[in-house]
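Pasting work-v4.pdb here (PDB, C-alpha atoms):
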ATOM      1  CA  ARG A 813      43.784  73.677  28.912  1.00  0.00           C
ATOM      2  CA  GLY A 814      46.152  75.164  31.478  1.00  0.00           C
ATOM      3  CA  CYS A 815      46.776  78.443  29.684  1.00  0.00           C
ATOM      4  CA  HIS A 816      46.720  81.870  31.272  1.00  0.00           C
ATOM      5  CA  VAL A 817      44.288  83.880  29.142  1.00  0.00           C
ATOM      6  CA  ALA A 818      44.199  87.639  28.725  1.00  0.00           C
ATOM      7  CA  VAL A 819      40.851  88.868  27.388  1.00  0.00           C
ATOM      8  CA  LEU A 820      41.183  92.126  25.449  1.00  0.00           C
ATOM      9  CA  GLY A 821      38.460  94.419  24.197  1.00  0.00           C
ATOM     10  CA  ARG A 822      37.194  98.003  24.175  1.00  0.00           C
ATOM     11  CA  ARG A 823      34.174  97.569  26.460  1.00  0.00           C
ATOM     12  CA  LYS A 824      35.261  97.227  30.078  1.00  0.00           C
ATOM     13  CA  GLU A 825      32.092  95.613  31.417  1.00  0.00           C
ATOM     14  CA  LEU A 826      32.003  92.886  28.765  1.00  0.00           C
ATOM     15  CA  VAL A 827      35.738  92.219  28.946  1.00  0.00           C
ATOM     16  CA  THR A 828      35.563  91.906  32.721  1.00  0.00           C
ATOM     17  CA  GLU A 829      32.521  89.628  32.507  1.00  0.00           C
ATOM     18  CA  VAL A 830      34.145  87.224  30.043  1.00  0.00           C
ATOM     19  CA  ALA A 831      37.425  87.211  31.939  1.00  0.00           C
ATOM     20  CA  ALA A 832      35.574  86.341  35.149  1.00  0.00           C
ATOM     21  CA  GLN A 833      33.821  83.417  33.457  1.00  0.00           C
ATOM     22  CA  ILE A 834      37.107  81.787  32.461  1.00  0.00           C
ATOM     23  CA  ALA A 835      39.352  82.999  35.306  1.00  0.00           C
ATOM     24  CA  GLY A 836      41.119  85.178  32.765  1.00  0.00           C
ATOM     25  CA  PHE A 837      42.894  88.513  32.973  1.00  0.00           C
ATOM     26  CA  PRO A 838      40.893  91.480  31.617  1.00  0.00           C
ATOM     27  CA  VAL A 839      42.699  94.069  29.481  1.00  0.00           C
ATOM     28  CA  VAL A 840      40.727  97.043  28.187  1.00  0.00           C
ATOM     29  CA  ALA A 841      42.137  98.360  24.907  1.00  0.00           C
ATOM     30  CA  ASP A 842      41.283  98.970  21.269  1.00  0.00           C
ATOM     31  CA  ALA A 843      43.292  96.483  19.209  1.00  0.00           C
ATOM     32  CA  ALA A 844      43.203  98.801  16.182  1.00  0.00           C
ATOM     33  CA  LYS A 845      45.077 101.554  18.035  1.00  0.00           C
ATOM     34  CA  PRO A 846      48.848 100.916  18.130  1.00  0.00           C
ATOM     35  CA  GLU A 847      49.503 102.811  21.363  1.00  0.00           C
ATOM     36  CA  GLU A 848      46.748 100.985  23.244  1.00  0.00           C
ATOM     37  CA  MET A 849      47.743  97.590  21.869  1.00  0.00           C
ATOM     38  CA  ARG A 850      51.399  98.194  22.692  1.00  0.00           C
ATOM     39  CA  GLU A 851      50.489  99.069  26.269  1.00  0.00           C
ATOM     40  CA  ALA A 852      48.190  96.046  26.490  1.00  0.00           C
ATOM     41  CA  VAL A 853      50.955  93.697  25.340  1.00  0.00           C
ATOM     42  CA  ASN A 854      53.354  95.174  27.896  1.00  0.00           C
ATOM     43  CA  THR A 855      50.722  94.647  30.600  1.00  0.00           C
ATOM     44  CA  VAL A 856      50.351  90.990  29.613  1.00  0.00           C
ATOM     45  CA  LEU A 857      54.117  90.469  29.495  1.00  0.00           C
ATOM     46  CA  GLU A 858      54.511  91.991  32.949  1.00  0.00           C
ATOM     47  CA  ARG A 859      51.715  89.821  34.289  1.00  0.00           C
ATOM     48  CA  PHE A 860      52.715  86.479  32.755  1.00  0.00           C
ATOM     49  CA  GLY A 861      56.321  86.880  31.653  1.00  0.00           C
ATOM     50  CA  GLY A 862      55.647  86.046  28.014  1.00  0.00           C
ATOM     51  CA  LEU A 863      53.093  85.598  25.294  1.00  0.00           C
ATOM     52  CA  ASP A 864      52.619  82.397  23.294  1.00  0.00           C
ATOM     53  CA  VAL A 865      49.366  82.745  21.346  1.00  0.00           C
ATOM     54  CA  LEU A 866      47.385  85.560  19.748  1.00  0.00           C
ATOM     55  CA  ILE A 867      43.784  84.885  18.801  1.00  0.00           C
ATOM     56  CA  ALA A 868      42.516  87.903  16.839  1.00  0.00           C
ATOM     57  CA  ASN A 869      38.727  87.734  16.930  1.00  0.00           C
ATOM     58  CA  ALA A 870      37.573  91.300  16.347  1.00  0.00           C
ATOM     59  CA  GLY A 871      35.301  92.021  13.401  1.00  0.00           C
ATOM     60  CA  GLY A 872      32.028  93.409  12.149  1.00  0.00           C
ATOM     61  CA  HIS A 873      30.710  96.426  10.235  1.00  0.00           C
ATOM     62  CA  GLY A 874      30.947  96.724   6.459  1.00  0.00           C
ATOM     63  CA  LEU A 875      27.320  96.108   5.481  1.00  0.00           C
ATOM     64  CA  GLY A 876      25.935  97.575   2.249  1.00  0.00           C
ATOM     65  CA  SER A 877      26.992  97.714  -1.393  1.00  0.00           C
ATOM     66  CA  ALA A 878      29.778 100.000  -2.610  1.00  0.00           C
ATOM     67  CA  THR A 879      27.450 102.872  -3.500  1.00  0.00           C
ATOM     68  CA  GLU A 880      25.840 102.589  -0.070  1.00  0.00           C
ATOM     69  CA  THR A 881      29.210 102.718   1.720  1.00  0.00           C
ATOM     70  CA  ASP A 882      30.487 106.164   2.646  1.00  0.00           C
ATOM     71  CA  ASP A 883      34.045 106.930   3.732  1.00  0.00           C
ATOM     72  CA  ALA A 884      33.260 106.601   7.433  1.00  0.00           C
ATOM     73  CA  ALA A 885      31.612 103.189   7.003  1.00  0.00           C
ATOM     74  CA  TRP A 886      34.547 101.990   4.887  1.00  0.00           C
ATOM     75  CA  ALA A 887      36.993 103.113   7.565  1.00  0.00           C
ATOM     76  CA  ARG A 888      34.998 101.367  10.311  1.00  0.00           C
ATOM     77  CA  ALA A 889      34.971  98.121   8.353  1.00  0.00           C
ATOM     78  CA  ARG A 890      38.714  98.315   7.717  1.00  0.00           C
ATOM     79  CA  GLN A 891      39.428  99.128  11.341  1.00  0.00           C
ATOM     80  CA  ALA A 892      37.265  96.336  12.756  1.00  0.00           C
ATOM     81  CA  ASN A 893      38.259  93.537  10.398  1.00  0.00           C
ATOM     82  CA  LEU A 894      41.818  94.287   9.284  1.00  0.00           C
ATOM     83  CA  ASP A 895      43.504  96.972  11.393  1.00  0.00           C
ATOM     84  CA  THR A 896      42.754  95.118  14.634  1.00  0.00           C
ATOM     85  CA  ALA A 897      44.393  91.961  13.290  1.00  0.00           C
ATOM     86  CA  PHE A 898      47.416  93.709  11.798  1.00  0.00           C
ATOM     87  CA  VAL A 899      48.151  95.904  14.811  1.00  0.00           C
ATOM     88  CA  ALA A 900      47.633  93.046  17.281  1.00  0.00           C
ATOM     89  CA  ALA A 901      49.927  90.783  15.267  1.00  0.00           C
ATOM     90  CA  ARG A 902      52.637  93.393  14.833  1.00  0.00           C
ATOM     91  CA  GLU A 903      52.724  94.251  18.531  1.00  0.00           C
ATOM     92  CA  THR A 904      52.760  90.619  19.719  1.00  0.00           C
ATOM     93  CA  LEU A 905      55.211  89.225  17.160  1.00  0.00           C
ATOM     94  CA  PRO A 906      58.416  89.982  19.116  1.00  0.00           C
ATOM     95  CA  SER A 907      57.217  87.783  21.979  1.00  0.00           C
ATOM     96  CA  LEU A 908      55.755  85.168  19.628  1.00  0.00           C
ATOM     97  CA  ILE A 909      59.065  84.921  17.758  1.00  0.00           C
ATOM     98  CA  GLN A 910      60.970  84.593  21.014  1.00  0.00           C
ATOM     99  CA  ARG A 911      58.698  81.786  22.244  1.00  0.00           C
ATOM    100  CA  ARG A 912      57.947  80.196  18.843  1.00  0.00           C
ATOM    101  CA  GLY A 913      54.273  80.896  19.331  1.00  0.00           C
ATOM    102  CA  SER A 914      51.267  81.091  17.048  1.00  0.00           C
ATOM    103  CA  ILE A 915      48.637  83.448  15.671  1.00  0.00           C
ATOM    104  CA  VAL A 916      45.052  82.470  14.898  1.00  0.00           C
ATOM    105  CA  PHE A 917      42.951  84.955  12.967  1.00  0.00           C
ATOM    106  CA  ILE A 918      39.179  84.532  12.998  1.00  0.00           C
ATOM    107  CA  ALA A 919      38.327  85.359   9.392  1.00  0.00           C
ATOM    108  CA  SER A 920      35.043  84.406   7.713  1.00  0.00           C
ATOM    109  CA  ILE A 921      33.433  82.547   4.866  1.00  0.00           C
ATOM    110  CA  ALA A 922      33.345  86.098   3.470  1.00  0.00           C
ATOM    111  CA  SER A 923      37.142  85.764   3.186  1.00  0.00           C
ATOM    112  CA  LEU A 924      36.558  83.187   0.459  1.00  0.00           C
ATOM    113  CA  ALA A 925      33.420  84.344  -1.355  1.00  0.00           C
ATOM    114  CA  ALA A 926      31.242  87.432  -1.612  1.00  0.00           C
ATOM    115  CA  GLY A 927      27.705  87.571  -0.306  1.00  0.00           C
ATOM    116  CA  PRO A 928      25.333  90.348  -1.347  1.00  0.00           C
ATOM    117  CA  GLN A 929      25.397  93.799   0.225  1.00  0.00           C
ATOM    118  CA  VAL A 930      28.524  93.345   2.380  1.00  0.00           C
ATOM    119  CA  CYS A 931      31.175  95.206   0.377  1.00  0.00           C
ATOM    120  CA  GLY A 932      33.350  96.463   3.241  1.00  0.00           C
ATOM    121  CA  TYR A 933      33.137  93.280   5.293  1.00  0.00           C
ATOM    122  CA  THR A 934      33.956  91.067   2.302  1.00  0.00           C
ATOM    123  CA  THR A 935      36.851  93.229   1.166  1.00  0.00           C
ATOM    124  CA  PHE A 936      38.633  93.336   4.503  1.00  0.00           C
ATOM    125  CA  LYS A 937      37.957  89.703   5.376  1.00  0.00           C
ATOM    126  CA  HIS A 938      39.576  88.806   2.043  1.00  0.00           C
ATOM    127  CA  ALA A 939      42.495  91.038   3.028  1.00  0.00           C
ATOM    128  CA  LEU A 940      42.813  89.136   6.301  1.00  0.00           C
ATOM    129  CA  ILE A 941      43.710  86.009   4.328  1.00  0.00           C
ATOM    130  CA  GLY A 942      46.447  87.991   2.600  1.00  0.00           C
ATOM    131  CA  LEU A 943      47.750  89.116   5.986  1.00  0.00           C
ATOM    132  CA  THR A 944      47.712  85.520   7.223  1.00  0.00           C
ATOM    133  CA  ARG A 945      49.741  84.337   4.241  1.00  0.00           C
ATOM    134  CA  SER A 946      52.202  87.216   4.478  1.00  0.00           C
ATOM    135  CA  LEU A 947      52.884  86.664   8.176  1.00  0.00           C
ATOM    136  CA  ALA A 948      53.192  82.899   7.724  1.00  0.00           C
ATOM    137  CA  ARG A 949      55.695  83.448   4.916  1.00  0.00           C
ATOM    138  CA  ASP A 950      57.777  85.994   6.823  1.00  0.00           C
ATOM    139  CA  TYR A 951      57.716  84.548  10.325  1.00  0.00           C
ATOM    140  CA  GLY A 952      57.218  80.824   9.780  1.00  0.00           C
ATOM    141  CA  PRO A 953      60.994  80.392   9.388  1.00  0.00           C
ATOM    142  CA  GLN A 954      61.305  81.909  12.872  1.00  0.00           C
ATOM    143  CA  GLY A 955      58.917  79.343  14.311  1.00  0.00           C
ATOM    144  CA  VAL A 956      55.663  81.325  14.363  1.00  0.00           C
ATOM    145  CA  ARG A 957      52.639  79.479  12.984  1.00  0.00           C
ATOM    146  CA  VAL A 958      49.907  81.675  11.484  1.00  0.00           C
ATOM    147  CA  ASN A 959      46.455  80.347  10.583  1.00  0.00           C
ATOM    148  CA  ALA A 960      43.019  81.737   9.789  1.00  0.00           C
ATOM    149  CA  LEU A 961      39.617  80.191  10.454  1.00  0.00           C
ATOM    150  CA  CYS A 962      36.829  80.953   7.987  1.00  0.00           C
ATOM    151  CA  PRO A 963      33.502  80.159   9.711  1.00  0.00           C
ATOM    152  CA  GLY A 964      30.065  80.699   8.276  1.00  0.00           C
ATOM    153  CA  TRP A 965      27.211  81.461  10.670  1.00  0.00           C
ATOM    154  CA  VAL A 966      28.158  80.995  14.320  1.00  0.00           C
ATOM    155  CA  ARG A 967      25.336  81.217  16.825  1.00  0.00           C
ATOM    156  CA  THR A 968      26.274  84.124  19.064  1.00  0.00           C
ATOM    157  CA  PRO A 969      24.463  87.185  20.434  1.00  0.00           C
ATOM    158  CA  MET A 970      25.792  89.181  17.445  1.00  0.00           C
ATOM    159  CA  ALA A 971      24.437  86.628  14.971  1.00  0.00           C
ATOM    160  CA  ASP A 972      21.123  86.550  16.843  1.00  0.00           C
ATOM    161  CA  GLU A 973      20.849  90.300  16.242  1.00  0.00           C
ATOM    162  CA  GLU A 974      21.600  89.851  12.558  1.00  0.00           C
ATOM    163  CA  MET A 975      18.697  87.402  12.318  1.00  0.00           C
ATOM    164  CA  GLN A 976      16.196  90.104  13.287  1.00  0.00           C
ATOM    165  CA  PRO A 977      15.480  91.444   9.751  1.00  0.00           C
ATOM    166  CA  LEU A 978      14.862  87.906   8.475  1.00  0.00           C
ATOM    167  CA  MET A 979      12.634  87.112  11.447  1.00  0.00           C
ATOM    168  CA  GLN A 980      10.592  90.266  10.886  1.00  0.00           C
ATOM    169  CA  ALA A 981      10.329  89.764   7.123  1.00  0.00           C
ATOM    170  CA  ARG A 982       9.173  86.152   7.447  1.00  0.00           C
ATOM    171  CA  GLY A 983       7.328  86.400  10.755  1.00  0.00           C
ATOM    172  CA  ILE A 984       9.420  83.588  12.230  1.00  0.00           C
ATOM    173  CA  SER A 985      11.273  82.879  15.451  1.00  0.00           C
ATOM    174  CA  LEU A 986      15.014  82.891  16.021  1.00  0.00           C
ATOM    175  CA  ASP A 987      15.092  79.084  16.061  1.00  0.00           C
ATOM    176  CA  GLU A 988      13.319  79.072  12.699  1.00  0.00           C
ATOM    177  CA  ALA A 989      15.667  81.644  11.169  1.00  0.00           C
ATOM    178  CA  TYR A 990      18.931  79.751  11.575  1.00  0.00           C
ATOM    179  CA  PRO A 991      17.841  76.715   9.515  1.00  0.00           C
ATOM    180  CA  LEU A 992      17.018  79.083   6.654  1.00  0.00           C
ATOM    181  CA  VAL A 993      20.455  80.717   6.562  1.00  0.00           C
ATOM    182  CA  THR A 994      22.244  77.365   6.947  1.00  0.00           C
ATOM    183  CA  ALA A 995      20.149  75.422   4.427  1.00  0.00           C
ATOM    184  CA  ASP A 996      23.178  75.042   2.117  1.00  0.00           C
ATOM    185  CA  VAL A 997      25.556  74.054   4.923  1.00  0.00           C
ATOM    186  CA  PRO A 998      26.141  70.270   4.781  1.00  0.00           C
ATOM    187  CA  LEU A 999      25.404  69.872   8.511  1.00  0.00           C
ATOM    188  CA  GLN A1000      22.466  72.285   8.134  1.00  0.00           C
ATOM    189  CA  ARG A1001      23.212  74.101  11.362  1.00  0.00           C
ATOM    190  CA  PRO A1002      25.248  77.092  12.471  1.00  0.00           C
ATOM    191  CA  ALA A1003      28.526  76.526  14.242  1.00  0.00           C
ATOM    192  CA  THR A1004      28.749  77.122  17.979  1.00  0.00           C
ATOM    193  CA  ALA A1005      31.279  79.227  19.812  1.00  0.00           C
ATOM    194  CA  GLN A1006      32.616  75.951  21.243  1.00  0.00           C
ATOM    195  CA  ASP A1007      33.196  74.622  17.711  1.00  0.00           C
ATOM    196  CA  ILE A1008      35.383  77.622  16.957  1.00  0.00           C
ATOM    197  CA  ALA A1009      37.155  77.472  20.322  1.00  0.00           C
ATOM    198  CA  SER A1010      38.042  73.812  19.767  1.00  0.00           C
ATOM    199  CA  VAL A1011      39.775  74.592  16.475  1.00  0.00           C
ATOM    200  CA  CYS A1012      41.594  77.547  18.061  1.00  0.00           C
ATOM    201  CA  ARG A1013      42.780  75.281  20.880  1.00  0.00           C
ATOM    202  CA  PHE A1014      44.171  72.781  18.367  1.00  0.00           C
ATOM    203  CA  LEU A1015      45.918  75.426  16.285  1.00  0.00           C
ATOM    204  CA  ALA A1016      47.436  76.989  19.404  1.00  0.00           C
ATOM    205  CA  SER A1017      48.677  73.644  20.700  1.00  0.00           C
ATOM    206  CA  ASP A1018      51.890  71.732  19.997  1.00  0.00           C
ATOM    207  CA  GLU A1019      49.795  69.184  18.099  1.00  0.00           C
ATOM    208  CA  ALA A1020      49.420  71.706  15.279  1.00  0.00           C
TER     209      ALA A1020
END

Represent the structure of the file as structure tokens.
Amino acid sequence: RGCHVAVLGRRKELVTEVAAQIAGFPVVADAAKPEEMREAVNTVLERFGGLDVLIANAGGHGLGSATETDDAAWARARQANLDTAFVAARETLPSLIQRRGSIVFIASIASLAAGPQVCGYTTFKHALIGLTRSLARDYGPQGVRVNALCPGWVRTPMADEEMQPLMQARGISLDEAYPLVTADVPLQRPATAQDIASVCRFLASDEA
């Protein structure tokens, strides 16, 4: 849609690959680490002269009940699902305030309800909604819009991996697994990455 896109992530090969697919600008950094995120933002500002939209899409980890979650697993879940969003938002806010930009957090249906055996993930995705509301309250008066999306299953390589235990337990294929986990979804299908991108595009646009 005419935007210059910086693609940020920890894994250089994947970041470079995605950036190449969309004619984007690859930036290798860990969004949960303030020093790296600060440097990444400065790199983007030098490259493009400003920053209008942050889409914070990192997440994962946090599987298991509370008694199955040790300190290291808890920290990984917090880092992946909450620290990345907070640090990225904090470091980009000066530019977003200046340009009256927007933030879109990719949260989860786990931000709204708890599934079984996902204590860390559920806790920090719930916290992400609190962060969204806090930032909207504090920086909305300065023109920064802050929203969160709460998708259920989205068919991606990560979700395909998460289907493996179900496939093995039932002796079914990947295409047979998704209808089972989306049986209670009104459309009875997982979302696509394009579905999520379309909502992000709207929220990042002036139409929102």

Please write the residues picked by the PyMOL selection byres ((chain A and resi 846) around 10) on this file as a ChimeraX atom specification.
-> /A:841-845,847-852,895-896,898-900,902-903

Nearest to Pro928 (chain A) by atom-to-atom distance, counting all atoms listed in the file, from A:Ser877, A:Ser985, A:Gln1000, A:Gln980 | A:Ser877

Given the file shown, enumerate the residues that the PyMOL selection byres ((chain A and resi 828-837) around 8) captures and present them as a short mmCIF file (atom, residue, chain, number, x, y, z; two decimals) with C-alpha atoms, keeping the file's coordinate frame.
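Generated file (selection_14.cif):
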data_model
loop_
_atom_site.label_atom_id
_atom_site.label_comp_id
_atom_site.auth_asym_id
_atom_site.auth_seq_id
_atom_site.Cartn_x
_atom_site.Cartn_y
_atom_site.Cartn_z
CA HIS A 816 46.72 81.87 31.27
CA VAL A 817 44.29 83.88 29.14
CA ALA A 818 44.20 87.64 28.72
CA VAL A 819 40.85 88.87 27.39
CA LYS A 824 35.26 97.23 30.08
CA GLU A 825 32.09 95.61 31.42
CA LEU A 826 32.00 92.89 28.76
CA VAL A 827 35.74 92.22 28.95
CA PRO A 838 40.89 91.48 31.62
CA VAL A 839 42.70 94.07 29.48
#

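What separates CA of Ala884 (chain A) from CA of Arg823 (chain A) is a distance of 21.1 Å.
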
Between A:Val916, A:Leu986, A:Ala887, A:Val856, which one has atoms that come closest to Pro969 (chain A), using all atoms listed in the file?
->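 Nearest candidate to Pro969 (chain A) out of A:Val916, A:Leu986, A:Ala887, A:Val856: A:Leu986.
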
Is it possible to add N, CA and C atoms to region 945-956 of chain A and hand it back as a compact mmCIF listing (two decimals), keeping the file's coordinate frame?
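New file result25.txt:
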# COMPACT_ATOMS: atom_id res chain seq x y z
N ARG A 945 48.72 84.94 5.10
CA ARG A 945 49.74 84.34 4.24
C ARG A 945 51.07 85.09 4.33
N SER A 946 50.99 86.42 4.39
CA SER A 946 52.20 87.22 4.48
C SER A 946 52.96 86.94 5.77
N LEU A 947 52.23 86.91 6.89
CA LEU A 947 52.88 86.66 8.18
C LEU A 947 53.45 85.25 8.24
N ALA A 948 52.70 84.28 7.71
CA ALA A 948 53.19 82.90 7.72
C ALA A 948 54.48 82.78 6.91
N ARG A 949 54.51 83.48 5.78
CA ARG A 949 55.70 83.45 4.92
C ARG A 949 56.90 84.10 5.59
N ASP A 950 56.67 85.24 6.24
CA ASP A 950 57.78 85.99 6.82
C ASP A 950 58.26 85.43 8.15
N TYR A 951 57.33 84.92 8.96
CA TYR A 951 57.72 84.55 10.32
C TYR A 951 57.66 83.05 10.59
N GLY A 952 57.16 82.27 9.64
CA GLY A 952 57.22 80.82 9.78
C GLY A 952 58.64 80.32 9.97
N PRO A 953 59.61 80.84 9.19
CA PRO A 953 60.99 80.39 9.39
C PRO A 953 61.54 80.69 10.79
N GLN A 954 60.88 81.60 11.50
CA GLN A 954 61.30 81.91 12.87
C GLN A 954 60.46 81.16 13.90
N GLY A 955 59.64 80.22 13.40
CA GLY A 955 58.92 79.34 14.31
C GLY A 955 57.52 79.78 14.66
N VAL A 956 57.01 80.85 14.04
CA VAL A 956 55.66 81.32 14.36
C VAL A 956 54.67 80.76 13.35
